[in-house]
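Comments concern the structure below.
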Amino acid sequence: MNGFQSAMHPAGVQASELHHLWNIFLCVSIVVYGITLAAVLIAVRRSHRRTEPLADAPSERRATIAVAIGAGMTFVTVLALLVASVATGRTVGTLGRLGTAHLEIDVTGHQWWWEVTYPNSEPDKSIRTANEIHIPVGKPVELRLATRDVIHSLWIPNLHGKRDLIPGRVNKFWIEADRPGVYRGQCAEFCGLQHANMALTVIAESQDAYDRWLEHQRTAAPEPVTDAQRRGRQAFLSLPCVNCHAITGIDAYATAGPDLTHIASRSTLAAGTLINNKGSLSGWVVNPQALKPGSNMPANEMTPQQLNDLVAYLESLQ
Amino acid sequence: MTTECLVSRQQVLLSVACCLLPLFGCRREIRELNPPISSASRPLPVRVSTLQPGPTMGAPAALNNPYEGNAYAISKGQQLFEQYNCSGCHAHGGGGIGPPLMDDKWIYGSSPAQIYLTITEGRPNGMPSFGGHIPAEQVWQLVSYVRSLSGLEPAATVSPRSDEMQARRAEEKK
Amino acid sequence: MTDYAIDERELDATWSPGRGIIGWLSETGHKEIGMRYIVTAMCFFALAGIEAALIRLQLSRPDNTILGPDAYNQIFTMHGTTMMFLFAVPVMEGMGIYLVPLMVGTRNVAFPRLNAFGYYMYLFGGIFIYTMFALGAGADAGWFAYVPLSGPMFAPGKRVDTWANMITFTEVSALVVAVEISVTAFKQRAPGMSLNRIPLFVWAMIVTSFMILFAMPAVMLDTGFLALDRLVATQFFNQSEGGDALLYQHLFWFFGHPEVYIIFIPALGFISAIITTFTGRKPFGYPVMVSSLVFTGFMAFGLWVHHMFATGLPQLGQSFFTAASMMITIPTGVQIFCWIASISLGRLVIRTPVLYVIGFFAVFIIGGLSGVMVASVPLDFQLHDTFFVVAHLHYVLIGGALFPLFGAFHYWFPKWTGRMYSERMGQWAFWLLLIGFNLTFFPMHILGLNGMPRRIYTYGPHMGWTTLNQVASGGAVFIVLSVVCMLANFAISRRRGALAGSNPWNADSLEWATSSPPPSYNFLHLPVVAGPNPIWDAEPDPPVVVGMATGHREVLITKTLDAEVDHREEIPGHSLGPFYLAIAATIALWGAIFFAWWFTIGLCLSGIVLIFWFWPAREQVEVDMLREREEATP
């Protein structure tokens with residue numbers, strides 16, 4: 001097992017509470033199962049060796065008492081688990097921990113990628129990225145979940161349980177990482193053909209690193225330096241790319257697909273399907289359908305020169 | 001349960017018949033998820049008029065809609081219609097700046113090849129030329145959807161509504 | 001010839017099953033219909049099993065290419081849909097239809113033609129969805145088909161329409177069976193079989209019937225709304241026009257949770273029957289067992305939101321459903337303790353049915369405990385929609401319903417066929433199932449905790465899920481072998497097994513008081529029940545009911561509470577009406593997915609068929625008028 005998408009390796013406040021609750025339930029379950037199965041097997045063994053069924057009153061009375069005790073213990077156990085569950089639920093669910101200056105991130109689900117927006121009261125300070133969330137360690141973060149099409153579910157098991165993204169509703173829940181690390185989340189509500197390939201990366205980092213990342217995301221796309229990158233930018237603007245993708249700083253404003261302003265700074269492509277490197281990027285740009293069949297990005301015909309230039313440009317968008 | 005052998009002859013014939021059913025699968029339900037790459041920017045020999053001189057009629061179109069009668073393509077076309085802002089001029093088929101697409105009047109022809117040309121070449125008075133700006137496969141999906149708006153696609157392939165606000169009430173049928 | 005021999009010949013002539021195609025289509029005998037349910041359900045079980053094998057094949061390796069996303073989505077949807085709607089509920093219904101009239105001591109169900117209609121609706125529904133599946137229009141939005149994914153915008157074509165209308169077929173069939181079982185069990189019991197002497201299996205079927213009556217309409221409504229949204233542009237689930245996507249989930253799960261208890265509670269009845277017989281003593285704690293069944297049936301309706309914990313509903317309301325979901329373990333737990341007490345006090349004979357019962361304890365309790373885990377809202381946040389839930393649901397459904405069902409198959413096999421199955425093959429099948437099942441599904445608990453969501457057609461090699469998936473896929477081979485072994489056992493034993501006699505197990509319920517297989521009229525003379533153990537405590541020459549007509553089909557109606565004799569009722573024999581009515585309903589529902597007016601046409605045809613169905617035969621009218629005149633004159 002790798003621990004980067006696992007409820008058993010909690011790296012956040014809520015996930016730790018849930019892991020703790022899991023341990024309680026697991027221990028109780030093992031004990032209950034052990035006792036019950038032992039009772040069954042002992043009863044089977046004793047009964048199998050008998051020659052006549054027991055029909056006397058004292059045996060019946062003993063059995064009645066045993067059943068009553070069993071029922072009583074079941075009730076008490078279930079009640080105890082209920083109390084533990086409700087208590088944990090309150091701790092994990094309350095938004096009251098959030099002060100007024102908490103960090104708020106909007107996550108919008110699409111078929112089959114995650115749009116992530118960091119809103120700000122000053123519009124030019126808000127950023128829009130895709131399939132990657134950065135959060136500072138030790139601070140509560142409020143995620144506001146919406147969807148543009150069908151029901152999805154955001155699940156980052158190392159940090160918290162899941163919450164659905166439902167059309168017409170905004171679901172809010174908070175997460176808090178308690179140590180730095182890189183974690184993987186995945187869509188957990190069946191949403192169509194590429195539900196299997198709708199993942200995202202969550203990077204929990206120190207406040208400084210987070211601030212630097214945020215500042216950098218607020219900058220416009222860097223100017224191309226080499227000729228290939230210049231030709232690549234031209235290719236981007238003349239090929240179908242510009243009709244779906246936005247890049248801040250040039251004439252690309254479309255919002256149908258992910259924002260590519262800082263695509264080279266992201267660790268994965270295609271919602272966690274591919275590692276972000278030159279080979280994957282080239283293959284993805286030319287024919288996404290070969291890698292993620294059914295996804296909404298079409299194949300694009302271009303000359304090999306155009307492809308090389310385009311990839312050179314995209315790789316410069318740090 | 002009074003047959004002699006394990007499986008009767010009728011049961012065998014029935015099973016074989018059922019296994020042949022997939023051969024009759026309909027094109028409505030086909031979903032081509034990885035179609036061949038093609039561009040929409042090459043010039044195409046399509047006749048926009050039904051009139052031709054001389055005694056013999058040449059072939060009307062050299063283009064075939066691969067998605068004719070395909071529900072998946074029409075659904076994709078419905079989403080692309082919004083995404084590429086066709087509704088900005090054509091509304092949801094009722095027209096506005098652009099002509100309505102729900103009616104019987106087709107200035108440049110209603111055959112799939114003719115609509116394809118209209119989209120890719122553009123037309124006077126405001127219809128942009130999308131050729132080379134969106135891939136051919138998406139143009140064909142739009143073609144199928146636009147034809148469905150005026151009832152030219154089989155009813156079984158068309159969805160009666162989107163998940164957005166509706167242009168008219170359900171009881172006001174076309 | 002003695003009087004009894006004449007009676008036997010006349011009864012046989014009156015009640016015999018039909019011959020030829022017309023005879024088959026017009027059959028209304030409950031044993032024939034019940035066995036048709038069971039055999040058809042097992043065919044669908046095999047189909048769904050093939051689909052499961054394909055799923056496990058695809059998931060056995062990361063980045064596997066056996067099934068693409070579209071094929072995989074159709075296959076897992078068809079697997080769930082087939083198992084839930086076309087196998088699990090109908091097979092329990094079939095067992096009830098076959099066994100309940102025998103167990104209560106009557107000759108047929110209360111409404112024989114309605115019974116046949118229910119079967120045809122089920123069969124045609126299954127044919128409908130599988131034909132469309134073969135034609136490329138297999139449902140692909142999951143067995144639950146949440147909107148908006150299943151709505152008109154995101155599910156093109158007729159796939160989901162097929163699924164939605166198929167639901168109507170199977171739910172009409174279930175409602176029919178619910179009516180049959182409850183009326184038969186309440187009004188047609190043998191004289192002297194008061195409510196507190198009914199076998200526990202019959203009680204389980206009564207509770208199931210009431211649950212069906214309240215749960216099925218919710219899903220018929222839900223899928224009806226979905227079909228309307230997709231066909232005629234209604235707005236039930238369109239958020240932009242005032243509809244609500246969550247409404248779909250509420251309605252679905254209001255049905256969906258009782259549905260799993262509808263599958264589970266008959267299995268509890270099987271367990272009681274098997275334990276009673278193989279321990280040789282009356283069930284321990286009969287009143288408590290019945291109360292637990294009834295209580296479980298009621299509580300099952302208060303749990304549905306536990307399927308929706310991740311949707312963001314208010315916390316306080318969700319906690320109520322946590323409490324209810326946990327509390328429902330108490331009546332089931334009490335039943336388990338009572339069974340342990342029964343075993344402990346009795347003298348256990350270990351045969352294949354008993355092995356399956358022990359397997360039930362071993363497997364179902366794990367499922368119940370993982371159920372308590374997912375019942376907890378905060379834990380469910382992590383576990384919902386992961387392979388942990390896949391593990392849980394299979395542990396409770398296979399452990400809680402399939403193990404008892406296979407045990408019941410072995411238990412009643414001598415009664416159905418008159419021959420004994422091979423005990424050795426039975427034990428092989430059991431052990432293969434127990435081992436294979438745990439190999440397949442136990443690792444899924446761990447996979448879910450380690451981040452593997454449900455309903456994904458593939459996963460990456462770096463996720464670390466590969467080994468456990470391989471183990472799971474390997475275990476599936478054992479499950480297939482087990483089922484093949486069991487079916488082969490039945491097929492061979494049907495012809496070459498040792499003759500069973502009427503009561504090879506020395507069991508105590510009334511179906512064992514007649515020959516194996518039972519004659520078409522069930523009992524030569526309807527039995528009279530004098531105590532809680534009708535066979536074990538029977539006198540040497542027990543009283544029976546005499547004077548029932550043998551020239552036409554007649555059953556004895558008794559009062560509900562104490563089964564005192566009330567009156568005799570003539571019930572119909574063969575009729576083609578049910579078949580024609582099912583055809584008309586199929587025209588309505590199958591046609592409606594293409595063109596809304598077919599629904600109306602189909603309904604009109606149904607009306608015409610019903611007129612002919614209820615049109616009284618001339619002889620019948622004359623007989624009735626004669627009887628009325630006799631009753632009127634003092």
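Ordered as shown in the structure tokens, chains take letters A, B, and onward, while each chain numbers its residues from 1 and ligands are numbered from 1 in the order shown.
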
Chain B contacts on chain A, only C-alpha atoms, 12 Å, as JSON, numbers by chain: {"A": [111, 148, 149, 150, 167, 168, 193, 194, 235, 236, 237, 238, 239, 240, 241, 242, 243, 244, 245, 254, 255, 256, 257, 285, 286, 287, 288, 289, 290, 291, 292, 293, 294, 295, 296, 297, 298, 299, 300, 301, 302, 303]}

Could you write those residues out with C-alpha atoms, as a compact mmCIF listing (two decimals), in the first residue's frame?
# COMPACT_ATOMS: atom_id res chain seq x y z
CA GLN A 111 -16.74 15.73 -16.19
CA ARG A 148 -21.11 22.11 -13.56
CA ASP A 149 -22.70 18.89 -14.69
CA VAL A 150 -23.33 15.67 -12.76
CA PRO A 167 -25.88 20.49 -8.95
CA GLY A 168 -27.80 23.37 -7.51
CA LEU A 193 -16.98 7.33 -18.69
CA GLN A 194 -13.82 8.67 -17.06
CA ALA A 235 0.10 27.65 -32.42
CA PHE A 236 -1.92 27.77 -29.21
CA LEU A 237 -3.80 30.81 -30.42
CA SER A 238 -4.54 29.44 -33.89
CA LEU A 239 -5.29 25.80 -33.10
CA PRO A 240 -8.49 24.70 -31.33
CA CYS A 241 -6.72 25.06 -27.96
CA VAL A 242 -7.73 28.66 -27.47
CA ASN A 243 -11.43 27.83 -27.78
CA CYS A 244 -11.47 25.93 -24.49
CA HIS A 245 -8.44 26.97 -22.45
CA ALA A 254 -12.24 30.41 -22.60
CA THR A 255 -13.40 28.57 -19.47
CA ALA A 256 -14.65 25.27 -20.89
CA GLY A 257 -11.40 23.53 -20.01
CA VAL A 285 -2.17 17.34 -26.59
CA VAL A 286 -2.23 15.38 -29.82
CA ASN A 287 -4.75 12.71 -28.87
CA PRO A 288 -6.31 12.80 -25.42
CA GLN A 289 -8.77 10.13 -26.48
CA ALA A 290 -6.04 7.53 -26.70
CA LEU A 291 -5.13 8.14 -23.05
CA LYS A 292 -8.51 8.99 -21.55
CA PRO A 293 -11.16 7.75 -24.00
CA GLY A 294 -14.43 9.57 -23.69
CA SER A 295 -13.01 12.68 -22.06
CA ASN A 296 -14.18 16.01 -23.38
CA MET A 297 -10.90 17.11 -24.95
CA PRO A 298 -10.85 16.18 -28.64
CA ALA A 299 -7.93 14.98 -30.68
CA ASN A 300 -6.16 17.83 -32.49
CA GLU A 301 -4.51 17.57 -35.84
CA MET A 302 -1.25 19.45 -36.08
CA THR A 303 2.09 19.16 -37.79

Please return as number ranges by chain: the residues of region 23-166 of chain B that backbone DSSP assigns to alpha helix (DSSP H). B: 71-83, 87-90, 112-121, 136-149

Give the residues of chain C that lie within 6 Å of chain B; count only C-alpha atoms, and format the answer as JSON, numbers by chain. {"C": [134, 135, 136, 137, 152, 153, 156, 157, 233, 238, 240, 241, 594]}

Can you list every residue of chain A that has an atom at most 7 Å from chain C, with its nearest atom pair and the distance in Å to one decimal, using only C-alpha atoms, ordered by chain then number, as JSON lines?
{"residue": "A:Met1", "atom": "CA", "partner": "C:Gly464", "partner_atom": "CA", "distance": 4.6}
{"residue": "A:Asn2", "atom": "CA", "partner": "C:Gly464", "partner_atom": "CA", "distance": 5.4}
{"residue": "A:Gln5", "atom": "CA", "partner": "C:Gly451", "partner_atom": "CA", "distance": 5.2}
{"residue": "A:Ser6", "atom": "CA", "partner": "C:Asn450", "partner_atom": "CA", "distance": 4.2}
{"residue": "A:Ala7", "atom": "CA", "partner": "C:Leu449", "partner_atom": "CA", "distance": 5.5}
{"residue": "A:Met8", "atom": "CA", "partner": "C:Leu449", "partner_atom": "CA", "distance": 6.4}
{"residue": "A:Leu18", "atom": "CA", "partner": "C:Leu379", "partner_atom": "CA", "distance": 6.1}
{"residue": "A:Trp22", "atom": "CA", "partner": "C:Leu379", "partner_atom": "CA", "distance": 6.8}
{"residue": "A:Phe25", "atom": "CA", "partner": "C:Met373", "partner_atom": "CA", "distance": 6.6}
{"residue": "A:Ser29", "atom": "CA", "partner": "C:Leu369", "partner_atom": "CA", "distance": 6.0}
{"residue": "A:Tyr33", "atom": "CA", "partner": "C:Ile365", "partner_atom": "CA", "distance": 6.9}
{"residue": "A:Leu37", "atom": "CA", "partner": "C:Ala362", "partner_atom": "CA", "distance": 6.5}
{"residue": "A:Val40", "atom": "CA", "partner": "C:Ile340", "partner_atom": "CA", "distance": 5.9}
{"residue": "A:Ala43", "atom": "CA", "partner": "C:Ser344", "partner_atom": "CA", "distance": 4.6}
{"residue": "A:Val44", "atom": "CA", "partner": "C:Ile343", "partner_atom": "CA", "distance": 6.4}
{"residue": "A:Arg46", "atom": "CA", "partner": "C:Ser344", "partner_atom": "CA", "distance": 6.7}
{"residue": "A:Ser47", "atom": "CA", "partner": "C:Arg347", "partner_atom": "CA", "distance": 4.8}
{"residue": "A:His48", "atom": "CA", "partner": "C:Leu348", "partner_atom": "CA", "distance": 4.6}
{"residue": "A:Arg50", "atom": "CA", "partner": "C:Arg347", "partner_atom": "CA", "distance": 5.5}
{"residue": "A:Thr51", "atom": "CA", "partner": "C:Arg347", "partner_atom": "CA", "distance": 6.3}
{"residue": "A:Glu52", "atom": "CA", "partner": "C:Arg347", "partner_atom": "CA", "distance": 5.7}
{"residue": "A:Pro53", "atom": "CA", "partner": "C:Gly346", "partner_atom": "CA", "distance": 4.0}
{"residue": "A:Leu54", "atom": "CA", "partner": "C:Leu345", "partner_atom": "CA", "distance": 5.1}
{"residue": "A:Ala63", "atom": "CA", "partner": "C:Ala341", "partner_atom": "CA", "distance": 5.8}
{"residue": "A:Val67", "atom": "CA", "partner": "C:Phe337", "partner_atom": "CA", "distance": 5.5}
{"residue": "A:Gly70", "atom": "CA", "partner": "C:Phe337", "partner_atom": "CA", "distance": 6.9}
{"residue": "A:Ala71", "atom": "CA", "partner": "C:Val334", "partner_atom": "CA", "distance": 5.7}
{"residue": "A:Thr74", "atom": "CA", "partner": "C:Ile330", "partner_atom": "CA", "distance": 6.4}
{"residue": "A:Phe75", "atom": "CA", "partner": "C:Ile330", "partner_atom": "CA", "distance": 6.5}
{"residue": "A:Val78", "atom": "CA", "partner": "C:Met326", "partner_atom": "CA", "distance": 6.3}
{"residue": "A:Leu82", "atom": "CA", "partner": "C:Ala323", "partner_atom": "CA", "distance": 6.4}
{"residue": "A:Ser85", "atom": "CA", "partner": "C:Ser376", "partner_atom": "CA", "distance": 5.7}
{"residue": "A:Val86", "atom": "CA", "partner": "C:Ser319", "partner_atom": "CA", "distance": 6.7}
{"residue": "A:Thr88", "atom": "CA", "partner": "C:Pro378", "partner_atom": "CA", "distance": 6.7}
{"residue": "A:Gly89", "atom": "CA", "partner": "C:Pro378", "partner_atom": "CA", "distance": 5.1}
{"residue": "A:Val150", "atom": "CA", "partner": "C:Pro148", "partner_atom": "CA", "distance": 5.2}
{"residue": "A:Ile151", "atom": "CA", "partner": "C:Pro148", "partner_atom": "CA", "distance": 6.9}
{"residue": "A:Pro157", "atom": "CA", "partner": "C:Gln382", "partner_atom": "CA", "distance": 6.5}
{"residue": "A:Gly161", "atom": "CA", "partner": "C:Phe381", "partner_atom": "CA", "distance": 4.2}
{"residue": "A:Lys162", "atom": "CA", "partner": "C:Phe381", "partner_atom": "CA", "distance": 5.1}
{"residue": "A:Arg163", "atom": "CA", "partner": "C:Ala310", "partner_atom": "CA", "distance": 4.9}
{"residue": "A:Asp164", "atom": "CA", "partner": "C:Thr311", "partner_atom": "CA", "distance": 5.0}
{"residue": "A:Pro167", "atom": "CA", "partner": "C:Gln239", "partner_atom": "CA", "distance": 6.8}
{"residue": "A:Gly168", "atom": "CA", "partner": "C:Gln239", "partner_atom": "CA", "distance": 5.7}
{"residue": "A:Asn171", "atom": "CA", "partner": "C:Gly312", "partner_atom": "CA", "distance": 6.0}
{"residue": "A:Ala188", "atom": "CA", "partner": "C:Pro453", "partner_atom": "CA", "distance": 5.6}
{"residue": "A:Glu189", "atom": "CA", "partner": "C:Asp385", "partner_atom": "CA", "distance": 6.6}
{"residue": "A:Phe190", "atom": "CA", "partner": "C:Arg455", "partner_atom": "CA", "distance": 6.3}
{"residue": "A:Cys191", "atom": "CA", "partner": "C:Leu149", "partner_atom": "CA", "distance": 6.4}
{"residue": "A:Gly192", "atom": "CA", "partner": "C:Leu149", "partner_atom": "CA", "distance": 7.0}
{"residue": "A:Leu193", "atom": "CA", "partner": "C:Pro69", "partner_atom": "CA", "distance": 5.4}
{"residue": "A:Gln194", "atom": "CA", "partner": "C:Pro69", "partner_atom": "CA", "distance": 6.9}
{"residue": "A:His195", "atom": "CA", "partner": "C:Ile456", "partner_atom": "CA", "distance": 6.3}
{"residue": "A:Ala196", "atom": "CA", "partner": "C:Ile456", "partner_atom": "CA", "distance": 4.4}

Proximity to Val116 (chain A) - best of A:Asp259, A:Asp178, A:Glu315, A:Glu17, only C-alpha atoms: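 For Val116 (chain A), the nearest of the given residues is A:Asp259.
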